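Data file: protein_6.cif. Format and content: mmCIF, C-alpha atoms and all ligand atoms.
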data_protein
loop_
_atom_site.label_atom_id
_atom_site.label_comp_id
_atom_site.auth_asym_id
_atom_site.auth_seq_id
_atom_site.Cartn_x
_atom_site.Cartn_y
_atom_site.Cartn_z
CA MET A 20 105.75 130.54 64.52
CA ALA A 21 105.69 131.83 60.95
CA VAL A 22 106.93 135.39 60.62
CA ASP A 23 105.64 136.72 57.34
CA ALA A 24 107.61 139.93 56.83
CA SER A 25 106.80 140.11 53.12
CA ALA A 26 104.92 143.05 51.62
CA ASP A 27 101.95 140.67 51.16
CA GLY A 28 102.07 139.63 54.82
CA ARG A 29 102.14 143.26 55.94
CA ASP A 30 99.29 144.17 53.57
CA GLU A 31 97.20 141.27 54.82
CA TYR A 32 97.89 142.27 58.43
CA PHE A 33 96.78 145.86 57.79
CA ARG A 34 93.68 144.74 55.83
CA CYS A 35 92.64 142.53 58.74
CA ARG A 36 93.42 145.29 61.25
CA ALA A 37 91.38 147.83 59.28
CA ASP A 38 88.39 145.48 59.23
CA LEU A 39 88.61 144.70 62.96
CA LEU A 40 88.84 148.36 63.86
CA GLY A 41 86.31 149.36 61.15
CA PRO A 42 83.27 147.35 59.97
CA SER A 43 83.83 144.48 62.45
CA ARG A 44 84.75 146.73 65.35
CA MET A 45 81.69 146.09 67.53
CA ARG A 46 80.69 142.71 66.12
CA LEU A 47 81.15 139.48 68.08
CA LEU A 48 83.48 137.29 66.02
CA THR A 49 82.58 133.71 65.13
CA GLY A 50 84.85 130.76 65.87
CA SER A 51 86.18 130.56 62.34
CA GLU A 52 86.72 134.32 62.19
CA LEU A 53 88.76 134.13 65.39
CA VAL A 54 90.94 131.43 63.85
CA THR A 55 91.38 133.51 60.68
CA VAL A 56 92.40 136.52 62.76
CA ALA A 57 94.84 134.34 64.68
CA THR A 58 96.49 133.12 61.49
CA THR A 59 96.60 136.53 59.82
CA ILE A 60 97.84 138.51 62.81
CA TYR A 61 99.98 135.93 64.61
CA GLY A 62 100.77 133.33 61.96
CA SER A 63 99.31 130.57 64.12
CA PRO A 64 95.80 129.63 65.32
CA ASP A 65 97.10 128.75 68.79
CA PHE A 66 99.07 131.92 69.40
CA PHE A 67 95.89 133.98 69.68
CA SER A 68 94.70 132.85 73.08
CA LEU A 69 93.12 134.73 75.97
CA TYR A 70 92.66 133.54 79.58
CA GLY A 71 94.44 130.33 78.52
CA ILE A 72 91.86 129.58 75.80
CA PRO A 73 93.10 129.35 72.17
CA ALA A 74 91.16 130.97 69.32
CA SER A 75 89.94 127.58 68.10
CA GLN A 76 88.10 126.99 71.42
CA MET A 77 86.96 130.51 72.28
CA THR A 78 83.40 130.32 71.03
CA GLU A 79 82.76 126.73 72.15
CA ARG A 80 83.98 127.74 75.62
CA GLY A 81 81.53 130.66 75.48
CA LEU A 82 83.94 133.61 75.19
CA ARG A 83 82.63 136.80 73.59
CA ILE A 84 85.27 138.69 71.61
CA PHE A 85 84.52 141.80 69.60
CA GLY A 86 86.47 142.60 66.43
CA ARG A 87 88.09 145.55 68.11
CA THR A 88 89.24 143.52 71.09
CA ALA A 89 90.65 140.76 68.85
CA ILE A 90 93.21 143.20 67.44
CA GLU A 91 93.76 145.38 70.52
CA CYS A 92 94.22 142.65 73.12
CA SER A 93 97.44 141.35 74.63
CA VAL A 94 97.39 137.61 73.97
CA ASP A 95 98.42 135.09 76.63
CA SER A 96 102.06 134.75 75.65
CA TYR A 97 102.59 138.53 75.87
CA ALA A 98 100.61 138.93 79.08
CA VAL A 99 102.39 135.96 80.67
CA SER A 100 105.85 137.32 79.71
CA LEU A 101 104.93 140.57 81.39
CA ALA A 102 103.42 138.83 84.43
CA ASP A 103 106.56 136.64 84.81
CA GLU A 104 108.82 139.70 84.79
CA LEU A 105 106.66 141.50 87.37
CA ALA A 106 106.33 138.40 89.55
CA ALA A 107 110.11 137.90 89.60
CA ARG A 108 110.50 141.48 90.86
CA TYR A 109 107.48 141.98 93.07
CA SER A 110 106.01 138.66 94.19
CA LYS A 111 106.56 137.34 97.71
CA ARG A 112 106.56 133.87 96.14
CA PHE A 113 109.98 134.70 94.64
CA GLY A 114 111.21 136.36 97.84
CA ALA A 115 110.75 139.95 96.64
CA ALA A 116 111.17 142.48 99.43
CA ALA A 117 108.53 144.72 97.91
CA THR A 118 105.02 143.82 96.79
CA PRO A 119 102.44 146.04 95.11
CA GLY A 120 99.33 146.99 97.06
CA PHE A 121 97.35 146.58 93.84
CA VAL A 122 97.45 146.26 90.07
CA ALA A 123 95.20 148.59 88.03
CA ASP A 124 94.59 147.87 84.34
CA LEU A 125 93.35 151.30 83.24
CA PHE A 126 92.22 150.47 79.68
CA CYS A 127 91.46 146.81 80.15
CA GLY A 128 89.67 145.74 76.95
CA SER A 129 89.69 141.94 77.24
CA GLY A 130 91.23 142.27 80.72
CA ASN A 131 93.78 139.62 79.80
CA ILE A 132 96.70 141.60 81.21
CA ALA A 133 94.93 142.04 84.55
CA TYR A 134 93.95 138.36 84.45
CA HIS A 135 97.56 137.14 84.19
CA ILE A 136 99.24 139.72 86.40
CA GLY A 137 96.62 139.26 89.12
CA ARG A 138 97.16 135.52 89.11
CA HIS A 139 100.96 135.71 89.05
CA LEU A 140 101.31 138.36 91.74
CA ALA A 141 98.33 137.39 93.90
CA VAL A 142 97.57 141.02 94.78
CA PRO A 143 94.24 142.89 94.56
CA THR A 144 93.56 143.54 90.89
CA HIS A 145 91.38 146.26 89.39
CA ALA A 146 90.40 146.80 85.77
CA VAL A 147 88.33 149.49 84.09
CA GLU A 148 86.74 149.67 80.65
CA LEU A 149 84.82 152.61 79.18
CA ASP A 150 82.89 150.95 76.37
CA PRO A 151 79.71 149.37 77.83
CA LEU A 152 79.60 146.51 75.31
CA ILE A 153 83.23 145.58 75.79
CA HIS A 154 82.84 145.91 79.54
CA ARG A 155 79.86 143.53 79.45
CA ALA A 156 81.69 141.02 77.24
CA THR A 157 84.73 141.08 79.51
CA GLN A 158 82.55 140.66 82.58
CA HIS A 159 80.93 137.68 80.86
CA ASN A 160 84.33 136.22 79.88
CA PHE A 161 85.65 136.67 83.42
CA SER A 162 82.63 134.75 84.70
CA LEU A 163 83.76 131.75 82.60
CA VAL A 164 87.35 131.64 83.83
CA GLU A 165 88.63 131.55 87.39
CA VAL A 166 89.37 135.14 88.19
CA ASP A 167 89.23 137.57 91.08
CA ILE A 168 89.26 141.02 89.47
CA ASP A 169 87.33 144.13 90.41
CA LEU A 170 86.08 145.10 86.92
CA VAL A 171 84.61 148.58 86.72
CA HIS A 172 82.62 150.17 83.91
CA GLY A 173 83.67 153.77 83.29
CA ASP A 174 86.49 156.16 82.59
CA TYR A 175 89.93 155.26 83.94
CA GLN A 176 89.93 158.47 85.99
CA GLU A 177 86.95 157.19 87.98
CA LEU A 178 88.98 154.17 89.05
CA LEU A 179 91.94 156.42 89.91
CA ARG A 180 89.69 158.48 92.16
CA THR A 181 88.70 155.41 94.18
CA LEU A 182 92.16 153.84 94.44
CA ALA A 183 94.17 155.28 97.30
CA PRO A 184 97.90 154.54 97.07
CA ARG A 185 98.86 151.44 99.04
CA SER A 186 102.52 150.93 98.18
CA PRO A 187 105.29 152.59 96.12
CA HIS A 188 105.09 149.40 94.05
CA ASP A 189 101.43 149.74 93.03
CA ILE A 190 101.27 148.90 89.32
CA TYR A 191 99.29 150.75 86.63
CA ILE A 192 98.88 149.18 83.19
CA ILE A 193 98.61 151.82 80.47
CA GLU A 194 97.30 150.92 77.03
CA PRO A 195 94.89 153.52 75.67
CA PRO A 196 93.45 153.17 72.15
CA TRP A 197 96.05 154.11 69.54
CA GLY A 198 93.70 155.38 66.81
CA PRO A 199 95.44 157.95 64.58
CA ALA A 200 98.54 157.81 66.84
CA TYR A 201 99.52 154.67 64.87
CA THR A 202 100.73 155.51 61.37
CA GLU A 203 103.33 154.19 58.94
CA GLN A 204 105.89 156.23 60.89
CA GLY A 205 105.08 154.19 63.99
CA LEU A 206 103.22 154.75 67.24
CA ASP A 207 103.22 158.22 68.76
CA LEU A 208 102.42 157.80 72.47
CA THR A 209 101.80 161.51 72.86
CA ALA A 210 98.86 161.22 70.41
CA THR A 211 96.91 158.24 71.77
CA SER A 212 93.34 158.76 73.09
CA PRO A 213 93.89 159.93 75.76
CA PRO A 214 97.56 160.85 75.31
CA VAL A 215 99.97 158.95 77.57
CA PRO A 216 101.37 162.15 79.19
CA ASP A 217 97.82 163.08 80.31
CA ILE A 218 97.28 159.61 81.76
CA LEU A 219 100.56 159.81 83.68
CA ALA A 220 99.63 163.26 84.98
CA ASN A 221 96.27 161.92 86.21
CA ILE A 222 97.86 158.92 87.91
CA ARG A 223 100.40 161.25 89.58
CA ARG A 224 97.58 163.44 90.89
CA SER A 225 95.89 160.39 92.42
CA ARG A 226 99.08 159.29 94.19
CA MET A 227 99.38 162.07 96.74
CA GLY A 228 103.17 162.13 96.43
CA GLU A 229 103.65 158.34 96.45
CA PRO A 230 105.81 156.86 93.64
CA PHE A 231 104.34 154.09 91.49
CA LEU A 232 105.16 151.58 88.78
CA ALA A 233 103.85 152.05 85.24
CA VAL A 234 103.70 149.45 82.48
CA ILE A 235 103.18 150.77 78.98
CA LYS A 236 102.39 148.57 75.98
CA THR A 237 103.73 149.80 72.64
CA ASN A 238 104.53 148.32 69.29
CA ASP A 239 108.10 147.89 68.02
CA GLN A 240 108.12 151.09 65.97
CA ILE A 241 107.85 154.15 68.16
CA ALA A 242 107.41 157.49 66.41
CA ASN A 243 108.86 160.86 67.39
CA ASN A 244 110.92 159.49 70.27
CA SER A 245 107.60 159.54 72.10
CA LEU A 246 108.35 156.80 74.65
CA ARG A 247 111.27 158.88 75.90
CA THR A 248 109.16 162.05 75.82
CA CYS A 249 106.44 160.45 77.96
CA PHE A 250 108.80 158.91 80.53
CA TYR A 251 111.65 161.44 80.46
CA ASP A 252 111.59 161.85 84.25
CA ALA A 253 110.89 158.18 85.11
CA GLN A 254 113.34 155.38 85.84
CA HIS A 255 113.34 152.63 83.24
CA LEU A 256 113.33 149.26 85.04
CA ALA A 257 112.71 146.67 82.33
CA SER A 258 111.85 146.11 78.67
CA ILE A 259 109.80 143.04 77.87
CA ILE A 260 110.30 142.30 74.19
CA PRO A 261 108.46 139.12 73.08
CA ALA A 262 109.69 137.31 69.96
CA PRO A 263 108.36 139.10 66.85
CA VAL A 264 105.31 137.60 65.15
CA GLY A 265 105.36 139.79 62.05
CA PRO A 266 107.08 142.63 60.24
CA ILE A 267 108.34 145.64 62.13
CA GLY A 268 105.54 147.86 63.34
CA VAL A 269 103.13 145.04 64.21
CA ASN A 270 104.91 143.47 67.20
CA MET A 271 104.17 144.31 70.82
CA ASN A 272 106.56 145.37 73.55
CA PHE A 273 106.12 146.36 77.18
CA TYR A 274 108.19 148.77 79.26
CA LEU A 275 108.25 149.04 83.04
CA TYR A 276 109.07 152.34 84.74
CA ARG A 277 109.25 153.66 88.25
CA VAL A 278 107.58 157.04 88.30
CA LEU A 279 108.23 159.60 91.03
CA THR A 280 105.53 162.10 91.79
C1 LIG B 1 94.01 149.19 73.28
S1 LIG B 1 92.63 148.61 74.13
C2 LIG B 1 93.34 147.76 75.49
C3 LIG B 1 93.50 146.28 75.24
C4 LIG B 1 93.80 145.49 76.48
N1 LIG B 1 95.08 145.80 77.03
C5 LIG B 1 93.65 144.01 76.21
O1 LIG B 1 94.61 143.26 76.50
O2 LIG B 1 92.59 143.58 75.75
C6 LIG B 1 92.01 150.04 74.87
C7 LIG B 1 90.69 149.85 75.62
O3 LIG B 1 90.48 151.00 76.43
C8 LIG B 1 89.11 151.35 76.40
N2 LIG B 1 89.04 152.79 76.74
C9 LIG B 1 89.10 153.85 75.90
N3 LIG B 1 89.08 155.01 76.58
C10 LIG B 1 88.98 154.67 77.89
C11 LIG B 1 88.91 155.42 79.11
N4 LIG B 1 88.91 156.76 79.07
N5 LIG B 1 88.84 154.77 80.28
C12 LIG B 1 88.81 153.39 80.31
N6 LIG B 1 88.86 152.63 79.19
C13 LIG B 1 88.95 153.25 78.01
C14 LIG B 1 88.67 151.01 74.99
O4 LIG B 1 87.27 150.83 74.92
C15 LIG B 1 89.48 149.75 74.70
O5 LIG B 1 88.76 148.59 75.03
#

Structure encoded using structure tokens:
Amino acid sequence: MAVDASADGRDEYFRCRADLLGPSRMRLLTGSELVTVATTIYGSPDFFSLYGIPASQMTERGLRIFGRTAIECSVDSYAVSLADELAARYSKRFGAAATPGFVADLFCGSGNIAYHIGRHLAVPTHAVELDPLIHRATQHNFSLVEVDIDLVHGDYQELLRTLAPRSPHDIYIIEPPWGPAYTEQGLDLTATSPPVPDILANIRRSRMGEPFLAVIKTNDQIANNSLRTCFYDAQHLASIIPAPVGPIGVNMNFYLYRVLT
């Protein structure tokens, strides 16, 4: 895959990002726009794929992708890397002693993370999305692909309230909107909406003393030591660092922690 780390490549990335989070935020993208996004953001039309469907086939296969979701989503190769790591640790298929009682994708957007983790781990999978239009589009997209996910419309705290702890290996996926938390200095996880420390505090409250596993998605430029600040009392279990697709600051990483309550 082409990695365009030039100033032009970075400028083009940020122009595209600003459009997808600005004027095109709540607009369904056309097939050719999806391919343009794929090339600009990932350097390759095929790299931008969701639920196993590449950008070039998304509209003909009936997928509905809003501008916002096109830039915020975790594409298949990222979600599969994460799902592989979790499956190797927590899937009975690989002989793991411990399996999660559930996976909960708390800010699901496209739901692609839940889609892949649910399939790899074969455990009950929940996803929640606050925006009604994105929720409806994701529900529609899920209806087109083979999936068994409990997709809820609402605030992530509503899902937390209904999910009783089932195992110390229950997994929560945490990726709130970054908004102004993402600047040239990097991503400040204490300033996302909602801030990651608040999300962790709310999960803890819902756990009634039971430990849990947390996956956080970040970019590769973390500001203010904020990953460490958020997880200072958690045990780091794994870093999933996919090959970079662009200049520093635009690539995605995942971290897995065990959190005690
Ligand atoms: C960064 S995106 C997540 C992208 C997702 N991981 C994916 O792969 O598509 C954050 C999503 O969380 C949703 N959201 C924002 N606040 C929320 C809340 N309080 N509860 C649930 N979802 C929320 C947003 O509408 C947005 O779709």

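Across the model, the gap from CA of Glu177 in chain A to atom N3 of ligand LIG 1 (chain B) is 11.8 Å.
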
Pick out the residues sitting within 8 Å of range 156-173 of chain A, and hand them over as an MDAnalysis selection string; count only C-alpha atoms, and ignore anything fewer than 3 positions along from it in its own chain.
-> chainID A and resid 70 81:84 128:130 133:134 137:138 143:153 177:178

Take every atom of ligand LIG 1 (chain B) listed in the file, pad by 4 Å on each side, and give me the axis-aligned box centre and edge lengths in Å, one decimal, as AutoDock Vina command-line options.
--center_x 91.2 --center_y 150.0 --center_z 76.8 --size_x 15.8 --size_y 21.5 --size_z 15.0

Kindly provide, as a VMD selection string, the polymer residues lying within 7 Å of (101.0, 146.9, 92.1), counting all atoms listed in the file and using the coordinates exactly as they appear in the file.
-> chain A and resid 118 to 122 188 to 191

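The gap separating CA of Ile132 in chain A from atom N6 of ligand LIG 1 (chain B) is 13.7 Å, in Å to one decimal.
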
Tell me which protein, DNA and RNA residues are within 6 Å of Ala57 in chain A, counting all atoms listed in the file, leaving out same-chain ones fewer than 5 positions away, and put them as a ChimeraX atom specification.
-> /A:63-64,67

May I have the residues at most 10 Å from (85.1, 138.0, 61.7) in the file's coordinates, counting only C-alpha atoms, as a list in words?
->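 Residues close enough to count: Cys35, Asp38, Leu39, Pro42, Ser43, Arg44, Arg46, Leu47, Leu48, Thr49, Gly50, Ser51, Glu52, Leu53, Val54, Thr55, Val56, Ile84, Phe85, Gly86 and Ala89 of chain A.
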
So which residues touch Ala107 in chain A within 12 Å, counting all atoms listed in the file, skipping near sequence neighbours fewer than 2 positions away, as a list in words?
-> Val99, Ser100, Leu101, Ala102, Asp103, Glu104, Leu105, Tyr109, Ser110, Lys111, Arg112, Phe113, Gly114, Ala115, Ala116, Ala117, Thr118, Ile136, His139, Leu140 and Ala257 of chain A

Measure the distance from CA of Ser93 in chain A to CA of Met271 in chain A in Å and round it to one decimal.
->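 Computing the Euclidean distance for CA of Ser93 in chain A and CA of Met271 in chain A yields 8.3 Å.
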
Would you mind telling me which residue in A:Tyr274, A:Tyr175, A:Tyr61, A:Tyr201 lies nearest to ligand LIG 1 (chain B) when using only C-alpha atoms and all ligand atoms?
->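 So, comparing all the options, the nearest one is A:Tyr175.
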
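You can rank A:Pro216, A:Arg155, A:Leu179, A:Asp239 by their closest distance to Pro195 in chain A using only C-alpha atoms, and at the top of that list sits A:Pro216.
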
For ligand LIG 1 (chain B), the closest of A:Tyr32, A:Phe66, A:Phe273, A:Tyr251 counting only C-alpha atoms and all ligand atoms is A:Phe273

Could you tell me which of A:Arg180, A:Arg87, A:Arg224, A:Arg36 comes closest to ligand LIG 1 (chain B) if we count only C-alpha atoms and all ligand atoms?
->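 Result for the nearest residue to ligand LIG 1 (chain B): A:Arg87.
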